[in-house]
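For reference, model-v9.cif is printed below; it contains mmCIF, C-alpha atoms.
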data_structure
#
loop_
_atom_site.label_atom_id
_atom_site.label_comp_id
_atom_site.auth_asym_id
_atom_site.auth_seq_id
_atom_site.Cartn_x
_atom_site.Cartn_y
_atom_site.Cartn_z
CA PRO I 1 21.02 9.95 26.37
CA PRO I 2 19.86 13.19 24.70
CA LEU I 3 16.73 14.90 25.97
CA ILE I 4 13.72 14.08 23.81
CA THR I 5 10.64 16.28 23.67
CA ILE I 6 7.46 14.34 22.86
CA ASN I 7 4.19 15.79 21.65
CA VAL I 8 1.40 13.20 21.79
CA PRO I 9 -1.36 14.16 19.32
CA PRO I 10 -4.66 15.11 20.99
CA ASP I 11 -6.59 12.65 18.80
CA TYR I 12 -4.47 9.67 19.87
CA PRO I 13 -6.97 7.04 21.18
CA ARG I 14 -7.10 6.58 24.95
CA PRO I 15 -9.57 4.88 27.30
CA SER I 16 -11.67 7.43 29.12
CA LYS I 17 -10.18 6.37 32.47
CA MET I 18 -6.62 5.40 31.67
CA THR I 19 -4.43 4.09 34.47
CA ARG I 20 -0.86 5.27 34.76
CA SER I 21 0.36 1.89 33.48
CA ALA I 22 -1.93 1.98 30.43
CA ALA I 23 -0.89 5.55 29.66
CA LEU I 24 2.75 4.55 29.79
CA SER I 25 2.03 1.56 27.52
CA SER I 26 0.34 3.85 24.99
CA LEU I 27 3.29 6.24 25.05
CA VAL I 28 5.84 3.45 24.65
CA LEU I 29 3.98 2.02 21.63
CA SER I 30 4.01 5.42 19.96
CA LEU I 31 7.73 5.77 20.60
CA LEU I 32 8.44 2.34 19.18
CA CYS I 33 6.36 2.98 16.06
CA ALA I 34 8.15 6.28 15.56
CA GLY I 35 11.55 4.61 15.93
CA VAL I 36 12.48 6.77 18.93
CA LEU I 37 12.72 3.74 21.23
CA VAL I 38 14.02 0.27 20.51
CA PRO I 39 13.34 -2.76 22.76
CA ALA I 40 16.34 -4.00 24.76
CA ALA I 41 16.65 -7.23 26.70
CA SER I 42 14.79 -5.97 29.75
CA ALA I 43 14.30 -2.24 29.28
CA PHE I 44 13.73 0.50 26.71
CA VAL I 45 16.79 2.36 25.47
CA ALA I 46 16.66 5.88 24.06
CA HIS I 47 17.50 5.85 20.38
CA PRO I 48 18.35 9.08 18.53
CA ALA I 49 17.43 7.95 15.05
CA ALA I 50 14.47 6.46 13.30
CA PRO I 51 16.24 4.32 10.67
CA ALA I 52 14.77 4.28 7.20
CA PRO I 53 13.53 0.82 6.09
CA SER I 54 16.22 -0.73 3.96
CA THR I 55 14.29 -2.46 1.25
CA CYS I 56 10.55 -2.13 1.61
CA ALA I 57 10.13 1.64 1.37
CA ALA I 58 8.96 2.49 -2.15
CA ALA I 59 5.22 2.62 -1.63
CA ARG I 60 4.51 2.20 2.08
CA SER I 61 3.83 5.87 2.70
CA GLN I 62 0.94 5.69 0.22
CA ALA I 63 -0.50 2.57 1.78
CA VAL I 64 -1.01 3.22 5.52
CA PRO I 65 0.04 6.21 7.62
CA SER I 66 2.52 5.55 10.41
CA CYS I 67 1.66 5.59 14.09
CA PRO I 68 0.84 9.02 15.54
CA PRO I 69 3.75 11.36 14.67
CA LEU I 70 6.21 12.44 17.34
CA ARG I 71 8.79 15.21 17.20
CA SER I 72 12.29 15.13 18.62
CA THR I 73 14.84 17.82 19.30
CA ALA I 74 17.05 19.31 16.59
CA ALA I 75 20.03 17.42 18.05
CA ASP I 76 18.22 14.13 17.56
CA GLU I 77 17.35 14.98 13.97
CA THR I 78 21.00 15.79 13.22
CA SER I 79 22.10 12.50 14.75
CA ALA I 80 19.49 10.66 12.73
CA THR I 81 20.81 12.15 9.50
CA GLU I 82 24.35 11.07 10.30
CA THR I 83 23.40 7.46 11.06
CA THR I 84 20.78 6.70 8.40
CA ASP I 85 23.11 4.88 5.99
CA ASP I 86 24.61 2.67 8.70
CA ASP I 87 21.19 1.84 10.10
CA SER I 88 19.89 0.90 6.65
CA ASP I 89 22.72 -1.61 6.25
CA ASP I 90 21.96 -3.01 9.69
CA ASN I 91 18.30 -3.40 8.78
CA LYS I 92 19.22 -5.47 5.74
CA GLU I 93 21.26 -7.83 7.87
CA ASP I 94 18.55 -8.07 10.53
CA ASN I 95 15.89 -8.88 7.94
CA ASN I 96 18.01 -11.60 6.37
CA SER I 97 18.44 -13.28 9.74
CA ASP I 98 14.84 -12.79 10.92
CA ALA I 99 13.59 -16.17 12.10
CA LEU I 100 10.03 -15.29 11.05
CA GLY I 101 11.07 -13.93 7.65
CA LEU I 102 9.54 -10.53 8.42
CA THR I 103 10.02 -7.41 6.36
CA PRO I 104 11.76 -4.52 8.20
CA GLU I 105 8.47 -2.67 8.66
CA LEU I 106 6.61 -5.79 9.81
CA ARG I 107 9.41 -6.55 12.28
CA LYS I 108 9.13 -3.03 13.71
CA ILE I 109 5.36 -3.38 14.09
CA THR I 110 5.68 -6.84 15.67
CA ASP I 111 8.25 -5.66 18.23
CA ALA I 112 6.17 -2.60 19.06
CA PHE I 113 3.03 -4.60 19.78
CA ALA I 114 4.94 -7.31 21.68
CA SER I 115 6.49 -4.69 23.98
CA ILE I 116 3.10 -3.54 25.28
CA PRO I 117 1.99 -5.55 28.34
CA ASP I 118 -1.59 -4.26 28.21
CA GLU I 119 -3.85 -6.33 25.92
CA LYS I 120 -6.47 -3.56 25.80
CA MET I 121 -3.92 -1.11 24.47
CA ARG I 122 -2.88 -3.51 21.71
CA TYR I 123 -6.55 -3.88 20.80
CA LYS I 124 -6.94 -0.10 20.86
CA GLN I 125 -3.95 0.34 18.54
CA LEU I 126 -5.47 -2.07 16.00
CA LEU I 127 -8.65 -0.01 16.00
CA TYR I 128 -6.60 3.15 15.50
CA MET I 129 -4.81 1.60 12.52
CA ALA I 130 -8.21 0.65 11.08
CA GLN I 131 -9.33 4.27 11.27
CA GLN I 132 -6.18 5.40 9.44
CA LEU I 133 -6.55 2.94 6.54
CA PRO I 134 -7.29 4.92 3.35
CA PRO I 135 -10.58 4.05 1.59
CA VAL I 136 -10.36 1.91 -1.54
CA GLU I 137 -11.90 2.56 -4.92
CA PRO I 138 -15.11 0.63 -5.81
CA SER I 139 -13.16 -1.28 -8.45
CA VAL I 140 -11.23 -3.05 -5.66
CA ALA I 141 -14.36 -4.51 -4.07
CA VAL I 142 -14.80 -7.25 -6.68
CA PRO I 143 -15.01 -11.06 -6.23
CA GLU I 144 -11.44 -11.52 -7.52
CA ASN I 145 -10.12 -9.52 -4.54
CA LYS I 146 -12.34 -10.99 -1.81
CA VAL I 147 -10.58 -12.97 0.90
CA PRO I 148 -12.36 -16.28 1.58
CA GLY I 149 -12.98 -17.69 5.04
CA CYS I 150 -13.31 -14.37 6.91
CA LEU I 151 -16.09 -13.55 9.36
CA SER I 152 -16.16 -10.03 7.92
CA THR I 153 -16.03 -9.09 4.25
CA VAL I 154 -12.41 -8.39 3.29
CA TYR I 155 -10.90 -7.19 0.01
CA VAL I 156 -7.19 -6.90 -0.78
CA PHE I 157 -5.58 -5.82 -4.04
CA ALA I 158 -1.96 -5.81 -5.19
CA SER I 159 -0.49 -3.59 -7.88
CA PRO I 160 3.03 -2.76 -9.05
CA SER I 161 4.68 0.04 -7.10
CA PRO I 162 5.67 3.17 -9.04
CA THR I 163 9.25 1.80 -8.95
CA TYR I 164 8.23 -1.73 -9.97
CA SER I 165 10.31 -1.70 -13.14
CA ASP I 166 13.41 -0.90 -11.07
CA ASP I 167 12.99 -2.95 -7.90
CA GLY I 168 9.97 -5.24 -8.46
CA THR I 169 8.16 -4.00 -5.36
CA VAL I 170 4.42 -4.30 -4.76
CA THR I 171 1.79 -2.00 -3.25
CA PHE I 172 -1.28 -3.30 -1.41
CA VAL I 173 -4.63 -1.71 -0.64
CA GLY I 174 -7.46 -3.30 1.31
CA ASP I 175 -10.65 -2.82 3.27
CA SER I 176 -13.11 -4.65 5.53
CA ASP I 177 -16.54 -3.98 6.95
CA GLY I 178 -15.39 -5.17 10.39
CA LEU I 179 -13.38 -2.64 12.41
CA LEU I 180 -11.00 -5.08 14.13
CA THR I 181 -10.53 -7.04 10.91
CA LYS I 182 -9.86 -3.76 9.14
CA GLY I 183 -7.09 -3.12 11.67
CA LEU I 184 -5.48 -6.44 10.70
CA VAL I 185 -5.77 -5.48 7.03
CA ALA I 186 -4.10 -2.14 7.80
CA LEU I 187 -1.28 -3.91 9.63
CA LEU I 188 -0.59 -6.23 6.68
CA VAL I 189 -0.92 -3.47 4.08
CA ARG I 190 1.57 -1.32 5.95
CA GLY I 191 3.95 -4.19 6.69
CA LEU I 192 4.03 -5.69 3.19
CA SER I 193 3.66 -2.73 0.82
CA GLY I 194 6.87 -1.66 -0.85
CA CYS I 195 8.37 -5.15 -0.68
CA THR I 196 9.17 -7.68 -3.39
CA PRO I 197 7.09 -10.85 -3.87
CA GLU I 198 10.10 -12.86 -2.68
CA GLN I 199 10.26 -10.92 0.60
CA ILE I 200 6.52 -11.24 1.11
CA ALA I 201 6.61 -15.01 0.51
CA THR I 202 9.02 -15.55 3.43
CA VAL I 203 6.74 -13.99 6.06
CA ASP I 204 5.72 -16.54 8.70
CA ALA I 205 2.16 -16.10 9.96
CA GLU I 206 3.44 -17.04 13.42
CA PHE I 207 4.40 -13.39 13.87
CA ILE I 208 0.81 -12.69 14.96
CA ASN I 209 1.58 -14.67 18.11
CA ALA I 210 4.98 -13.04 18.57
CA ALA I 211 3.22 -9.65 18.46
CA LYS I 212 0.71 -10.92 21.07
CA ILE I 213 -2.10 -9.75 18.81
CA SER I 214 -3.63 -13.24 18.64
CA GLN I 215 -4.70 -12.81 22.26
CA SER I 216 -7.31 -10.33 21.05
CA LEU I 217 -8.60 -12.56 18.22
CA THR I 218 -11.31 -15.20 18.22
CA PRO I 219 -10.51 -18.46 16.39
CA GLY I 220 -12.63 -17.22 13.48
CA ARG I 221 -10.74 -13.93 13.17
CA ASN I 222 -7.40 -15.71 13.53
CA ASN I 223 -8.34 -17.97 10.64
CA GLY I 224 -9.38 -14.93 8.63
CA PHE I 225 -6.01 -13.32 9.30
CA LEU I 226 -4.21 -16.40 7.97
CA ASN I 227 -6.36 -16.25 4.83
CA MET I 228 -5.58 -12.55 4.35
CA LEU I 229 -1.84 -13.18 4.49
CA ALA I 230 -2.14 -16.14 2.13
CA VAL I 231 -4.12 -14.14 -0.44
CA MET I 232 -1.65 -11.24 -0.30
CA LYS I 233 1.25 -13.64 -0.85
CA ARG I 234 -0.56 -15.19 -3.81
CA LYS I 235 -1.37 -11.83 -5.39
CA ALA I 236 2.23 -10.68 -5.03
CA ALA I 237 3.44 -13.90 -6.65
CA GLU I 238 0.98 -13.46 -9.53
CA LEU I 239 2.41 -10.02 -10.20
CA ALA I 240 5.92 -11.45 -10.32
CA ASP I 241 4.85 -14.26 -12.65
CA GLY I 242 2.61 -12.34 -15.00
CA VAL I 243 2.73 -8.56 -15.17
CA GLY I 244 6.15 -8.18 -16.70
CA GLU I 245 5.44 -10.88 -19.28
CA GLU I 246 2.08 -9.33 -20.14
CA ALA I 247 3.62 -5.90 -20.71
CA ALA I 248 6.25 -7.38 -22.99
CA ALA I 249 3.64 -9.39 -24.88
CA ALA I 250 1.43 -6.33 -25.29
CA GLN I 251 4.31 -4.39 -26.80
CA ASP I 252 5.68 -7.21 -28.98
CA ASP I 253 2.38 -8.57 -30.28
CA ALA I 254 0.71 -5.25 -31.08
CA PRO I 255 0.52 -4.35 -34.78
CA ALA I 256 3.80 -2.88 -35.99
CA GLU I 257 2.04 -0.20 -38.02
CA ALA I 258 -1.22 1.14 -36.72
CA GLY I 259 -4.09 0.64 -39.10
CA ASP I 260 -2.21 -1.49 -41.62
CA SER I 261 -4.85 -4.25 -41.55
CA ASP I 262 -8.38 -3.14 -40.73
CA GLY I 263 -7.58 0.54 -40.31
CA ASP I 264 -9.21 0.98 -36.88
CA ILE I 265 -6.14 1.09 -34.60
CA ILE I 266 -5.93 4.44 -32.79
CA THR I 267 -2.53 6.07 -33.04
CA THR I 268 -3.18 9.73 -32.18
CA PHE I 269 -5.39 11.85 -29.96
CA ASP I 270 -6.15 15.54 -29.46
CA GLN I 271 -3.96 16.83 -26.66
CA ARG I 272 -5.59 19.17 -24.17
CA ASP I 273 -3.92 22.38 -23.10
CA GLY I 274 -3.26 22.56 -19.36
CA LYS I 275 -4.10 18.86 -18.84
CA PRO I 276 -0.75 17.07 -18.50
CA MET I 277 -2.19 14.04 -16.66
CA TYR I 278 -4.75 13.43 -19.39
CA ASN I 279 -2.12 13.76 -22.11
CA GLU I 280 0.32 11.43 -20.32
CA ILE I 281 -2.25 8.68 -19.82
CA MET I 282 -3.52 8.81 -23.39
CA SER I 283 -0.03 8.94 -24.88
CA LYS I 284 1.33 5.97 -22.93
CA LEU I 285 -1.66 3.68 -23.45
CA ILE I 286 -2.03 4.42 -27.16
CA ALA I 287 1.69 3.85 -27.81
CA ILE I 288 1.79 0.42 -26.15
CA LEU I 289 -1.70 -1.09 -26.22
CA LYS I 290 -2.67 0.05 -29.74
CA PRO I 291 -6.36 0.33 -28.81
CA THR I 292 -9.23 0.19 -31.27
CA SER I 293 -11.20 2.42 -28.90
CA ILE I 294 -10.15 4.59 -25.98
CA THR I 295 -12.08 7.17 -23.96
CA LEU I 296 -10.60 8.96 -20.95
CA THR I 297 -13.04 11.03 -18.89
CA ASP I 298 -11.75 13.57 -16.40
CA ASN I 299 -14.03 13.42 -13.32
CA SER I 300 -11.79 15.59 -11.16
CA ASP I 301 -14.43 18.30 -10.78
CA GLN I 302 -16.53 15.83 -8.79
CA HIS I 303 -13.72 15.48 -6.24
CA ALA I 304 -12.49 19.07 -6.07
CA GLY I 305 -9.53 19.62 -3.80
CA HIS I 306 -8.99 15.94 -3.04
CA ALA I 307 -6.04 15.71 -0.66
CA GLY I 308 -2.95 13.79 -1.61
CA SER I 309 -3.24 14.15 -5.36
CA LYS I 310 -0.19 15.66 -7.05
CA GLY I 311 -2.16 15.96 -10.27
CA TRP I 312 -4.76 18.13 -8.56
CA GLU I 313 -2.08 20.42 -7.15
CA GLU I 314 -0.40 20.77 -10.54
CA SER I 315 -3.32 20.98 -12.94
CA GLY I 316 -6.58 20.21 -11.16
CA GLU I 317 -6.53 16.57 -12.34
CA SER I 318 -7.10 13.77 -9.81
CA HIS I 319 -9.83 11.32 -10.91
CA PHE I 320 -10.26 9.65 -14.29
CA ALA I 321 -12.49 6.98 -15.86
CA LEU I 322 -10.90 4.94 -18.66
CA GLU I 323 -12.73 2.87 -21.27
CA ILE I 324 -10.34 1.02 -23.56
CA VAL I 325 -10.61 -1.78 -26.13
CA SER I 326 -7.44 -3.60 -27.17
CA GLU I 327 -6.27 -6.97 -28.47
CA ALA I 328 -3.60 -6.89 -25.76
CA PHE I 329 -6.25 -7.84 -23.18
CA GLY I 330 -7.00 -11.15 -24.85
CA GLY I 331 -6.85 -14.09 -22.41
CA LEU I 332 -6.41 -11.86 -19.33
CA ALA I 333 -8.77 -11.68 -16.37
CA ALA I 334 -10.13 -8.25 -15.40
CA VAL I 335 -7.68 -7.90 -12.51
CA LYS I 336 -4.72 -8.71 -14.77
CA ARG I 337 -5.88 -6.13 -17.31
CA HIS I 338 -6.04 -3.46 -14.63
CA GLN I 339 -2.59 -4.41 -13.36
CA LEU I 340 -1.21 -4.12 -16.87
CA VAL I 341 -2.63 -0.61 -17.28
CA TYR I 342 -1.24 0.46 -13.88
CA MET I 343 2.22 -0.79 -14.76
CA LEU I 344 2.26 0.88 -18.17
CA LEU I 345 1.28 4.22 -16.66
CA GLY I 346 4.09 3.93 -14.09
CA GLU I 347 4.85 7.26 -12.40
CA THR I 348 1.70 8.84 -13.79
CA MET I 349 -0.37 6.70 -11.41
CA GLU I 350 1.50 8.26 -8.51
CA LYS I 351 0.29 11.72 -9.51
CA ILE I 352 -3.44 11.00 -9.65
CA HIS I 353 -5.77 9.75 -6.95
CA ALA I 354 -8.01 7.32 -8.82
CA LEU I 355 -8.38 5.65 -12.20
CA GLN I 356 -11.56 3.69 -12.90
CA ILE I 357 -10.96 1.17 -15.69
CA SER I 358 -13.21 -0.65 -18.15
CA SER I 359 -10.98 -2.85 -20.35
CA LYS I 360 -12.26 -5.12 -23.12
CA THR I 361 -11.10 -6.94 -26.23
CA PRO I 362 -12.60 -6.21 -29.67
CA GLU I 363 -14.43 -9.57 -29.52
CA GLU I 364 -16.11 -8.60 -26.24
CA VAL I 365 -17.63 -5.45 -27.73
CA ALA I 366 -18.55 -6.96 -31.09
#
Kindly present the structure from the file in structure tokens form.
Amino acid sequence: PPLITINVPPDYPRPSKMTRSAALSSLVLSLLCAGVLVPAASAFVAHPAAPAPSTCAAARSQAVPSCPPLRSTAADETSATETTDDDSDDNKEDNNSDALGLTPELRKITDAFASIPDEKMRYKQLLYMAQQLPPVEPSVAVPENKVPGCLSTVYVFASPSPTYSDDGTVTFVGDSDGLLTKGLVALLVRGLSGCTPEQIATVDAEFINAAKISQSLTPGRNNGFLNMLAVMKRKAAELADGVGEEAAAAQDDAPAEAGDSDGDIITTFDQRDGKPMYNEIMSKLIAILKPTSITLTDNSDQHAGHAGSKGWEESGESHFALEIVSEAFGGLAAVKRHQLVYMLLGETMEKIHALQISSKTPEEVA
């Protein structure tokens, strides 16, 4: 096999006195997560390519970072480029025949954990994943997103991926006040984000045993994990059942001509020079939701230089607070209203870091 040069990041978690076996286990897990190694029947085989996930790729990179990055030689990278298409097709076939119904990413994670003989290293990797889980906005930590039956407080939230209108995929975010539980949340967020509700529904919770992670869980935490998976499946199904219909209803049922009845429907706004994110958000929401009141506040200056925001890099826009009143929200719970706004904004949401939403109907503000 080709020679592979591996650079293990200095911040990769290790026990202070790591045995040679534990060190090897840590290295192997990193290789598996990076796609450099694949498990064989009784040994590890060098693999030149890290195949791209076939179906569940749209939003995963925004959800949870991958395992510590590794670098291979230029020859490996060339080989990877040549084999990506074939590997993607193979992944589709493997996922269809997966006995546990796992997504490609969840299968990769499960195999990686199962290949590590050291229980402490598996536990350590869960803690590392917890540390890498991005923080959630305060609007996520609401009763509608709380997972019942967990020893720790857990919140999970599902929203349409930026490509939802094309492929129907879902993005998850989550958080917990317990570090180990947070690692389980990170595992599920990474493994399920970017997949369709149908793919998520087929996942068998038994994979936690196949990954040998259950060995590190108390009965209470194991029950909490089952509840997390169940809630994420339900939220994905709700998106499939409701978001598309709500968007269509909002567009079809809105007044055909703004202001033709009571004269208070907003149809225009003052565009701001050099503020493309602000103008995009206002334009899209006014055109579809026909609000009677809408206020968009740019709070980006309070989060100057926030990493990962395309809007900040382009125009200094990253954080917004939206207050909107529209008949389109009638009969929808708060979570559904937020999901509707996210879907209508589409690619714009990908460019900003946070959007705080207050959505009401005219009756609720009367």
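The closest residue to Val154 in chain I, picked from I:Leu332, I:Ala186, I:Ile116, I:Ile208 and counting all atoms listed in the file, is I:Ala186.
Pairwise distance (CA of Thr169 in chain I, CA of Pro135 in chain I) equals 21.5 Å.
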- With the file shown as input, list the residues that the PyMOL selection byres ((chain I and resi 287-293) around 6) selects, as a ChimeraX atom specification. /I:251,264-266,284-286,294,324-326
Expected selection from the PyMOL selection byres ((chain I and resi 350-358) around 7), given as an NGL selection string
:I and (139 or 162 or 309-311 or 317-324 or 338 or 347-349 or 359-360)
Expand the PyMOL selection byres ((chain I and resi 209) around 12) into the explicit residue set it covers here, and present it as a PDB file with C-alpha atoms, keeping the file's coordinate frame.
ATOM      1  CA  LEU I 100      10.030 -15.290  11.050  1.00  0.00           C
ATOM      2  CA  THR I 110       5.680  -6.840  15.670  1.00  0.00           C
ATOM      3  CA  ASP I 111       8.250  -5.660  18.230  1.00  0.00           C
ATOM      4  CA  PHE I 113       3.030  -4.600  19.780  1.00  0.00           C
ATOM      5  CA  ALA I 114       4.940  -7.310  21.680  1.00  0.00           C
ATOM      6  CA  ASP I 204       5.720 -16.540   8.700  1.00  0.00           C
ATOM      7  CA  ALA I 205       2.160 -16.100   9.960  1.00  0.00           C
ATOM      8  CA  GLU I 206       3.440 -17.040  13.420  1.00  0.00           C
ATOM      9  CA  PHE I 207       4.400 -13.390  13.870  1.00  0.00           C
ATOM     10  CA  ILE I 208       0.810 -12.690  14.960  1.00  0.00           C
ATOM     11  CA  ALA I 210       4.980 -13.040  18.570  1.00  0.00           C
ATOM     12  CA  ALA I 211       3.220  -9.650  18.460  1.00  0.00           C
ATOM     13  CA  LYS I 212       0.710 -10.920  21.070  1.00  0.00           C
ATOM     14  CA  ILE I 213      -2.100  -9.750  18.810  1.00  0.00           C
ATOM     15  CA  SER I 214      -3.630 -13.240  18.640  1.00  0.00           C
ATOM     16  CA  GLN I 215      -4.700 -12.810  22.260  1.00  0.00           C
ATOM     17  CA  SER I 216      -7.310 -10.330  21.050  1.00  0.00           C
ATOM     18  CA  LEU I 217      -8.600 -12.560  18.220  1.00  0.00           C
ATOM     19  CA  ASN I 222      -7.400 -15.710  13.530  1.00  0.00           C
ATOM     20  CA  PHE I 225      -6.010 -13.320   9.300  1.00  0.00           C
ATOM     21  CA  LEU I 226      -4.210 -16.400   7.970  1.00  0.00           C
TER      22      LEU I 226
END
- Task: For Thr103 in chain I, list every protein, DNA or RNA residue within 8 Å, evaluated using only C-alpha atoms, and leave out those in the same chain fewer than 2 positions away; present the list as a PyMOL selection string.
- Result: chain I and resi 56+95+101+105-107+191-192+195+199-200+203
Expressed in Å, the length from CA of Ile281 in chain I to CA of Gly316 in chain I is 15.1 Å
- Task: Select, from I:Thr218, I:Ser176, I:Thr295, I:Gln125, the residue with the minimum atom-to-atom distance to Thr153 in chain I, counting all atoms listed in the file.
- Result: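 Ranked by minimum distance to Thr153 in chain I, first place goes to I:Ser176.
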**Prompt:** Which of these residues is nearest to Lys336 in chain I, using all atoms listed in the file: I:Leu102, I:Leu229, I:Ala158, I:Leu133?
**Reply:**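 The shortest atom-to-atom distance to Lys336 in chain I comes from I:Ala158.
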re CA of Arg337 in chain I and CA of Gln132 in chain I: distance 29.1 Å
### Task
Would you mind telling me which residue in I:Asn145, I:Asn299, I:Thr181, I:Thr267 lies nearest to Arg234 in chain I when using all atoms listed in the file?
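Among I:Asn145, I:Asn299, I:Thr181, I:Thr267, it is I:Asn145 that comes nearest to Arg234 in chain I.
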Counting only C-alpha atoms, closest pick from I:Thr202, I:Tyr164, I:Leu179, I:Met129 relative to Asp98 in chain I is I:Thr202
Polymer residues at most 8 Å from Gly168 in chain I, all atoms listed in the file, same-chain spacing of 2 or more positions, as a short mmCIF file (atom, residue, chain, number, x, y, z; two decimals) with C-alpha atoms, in the frame of the given file:
data_model
loop_
_atom_site.label_atom_id
_atom_site.label_comp_id
_atom_site.auth_asym_id
_atom_site.auth_seq_id
_atom_site.Cartn_x
_atom_site.Cartn_y
_atom_site.Cartn_z
CA PRO I 160 3.03 -2.76 -9.05
CA SER I 161 4.68 0.04 -7.10
CA THR I 163 9.25 1.80 -8.95
CA TYR I 164 8.23 -1.73 -9.97
CA SER I 165 10.31 -1.70 -13.14
CA ASP I 166 13.41 -0.90 -11.07
CA VAL I 170 4.42 -4.30 -4.76
CA CYS I 195 8.37 -5.15 -0.68
CA THR I 196 9.17 -7.68 -3.39
CA PRO I 197 7.09 -10.85 -3.87
CA ALA I 240 5.92 -11.45 -10.32
#
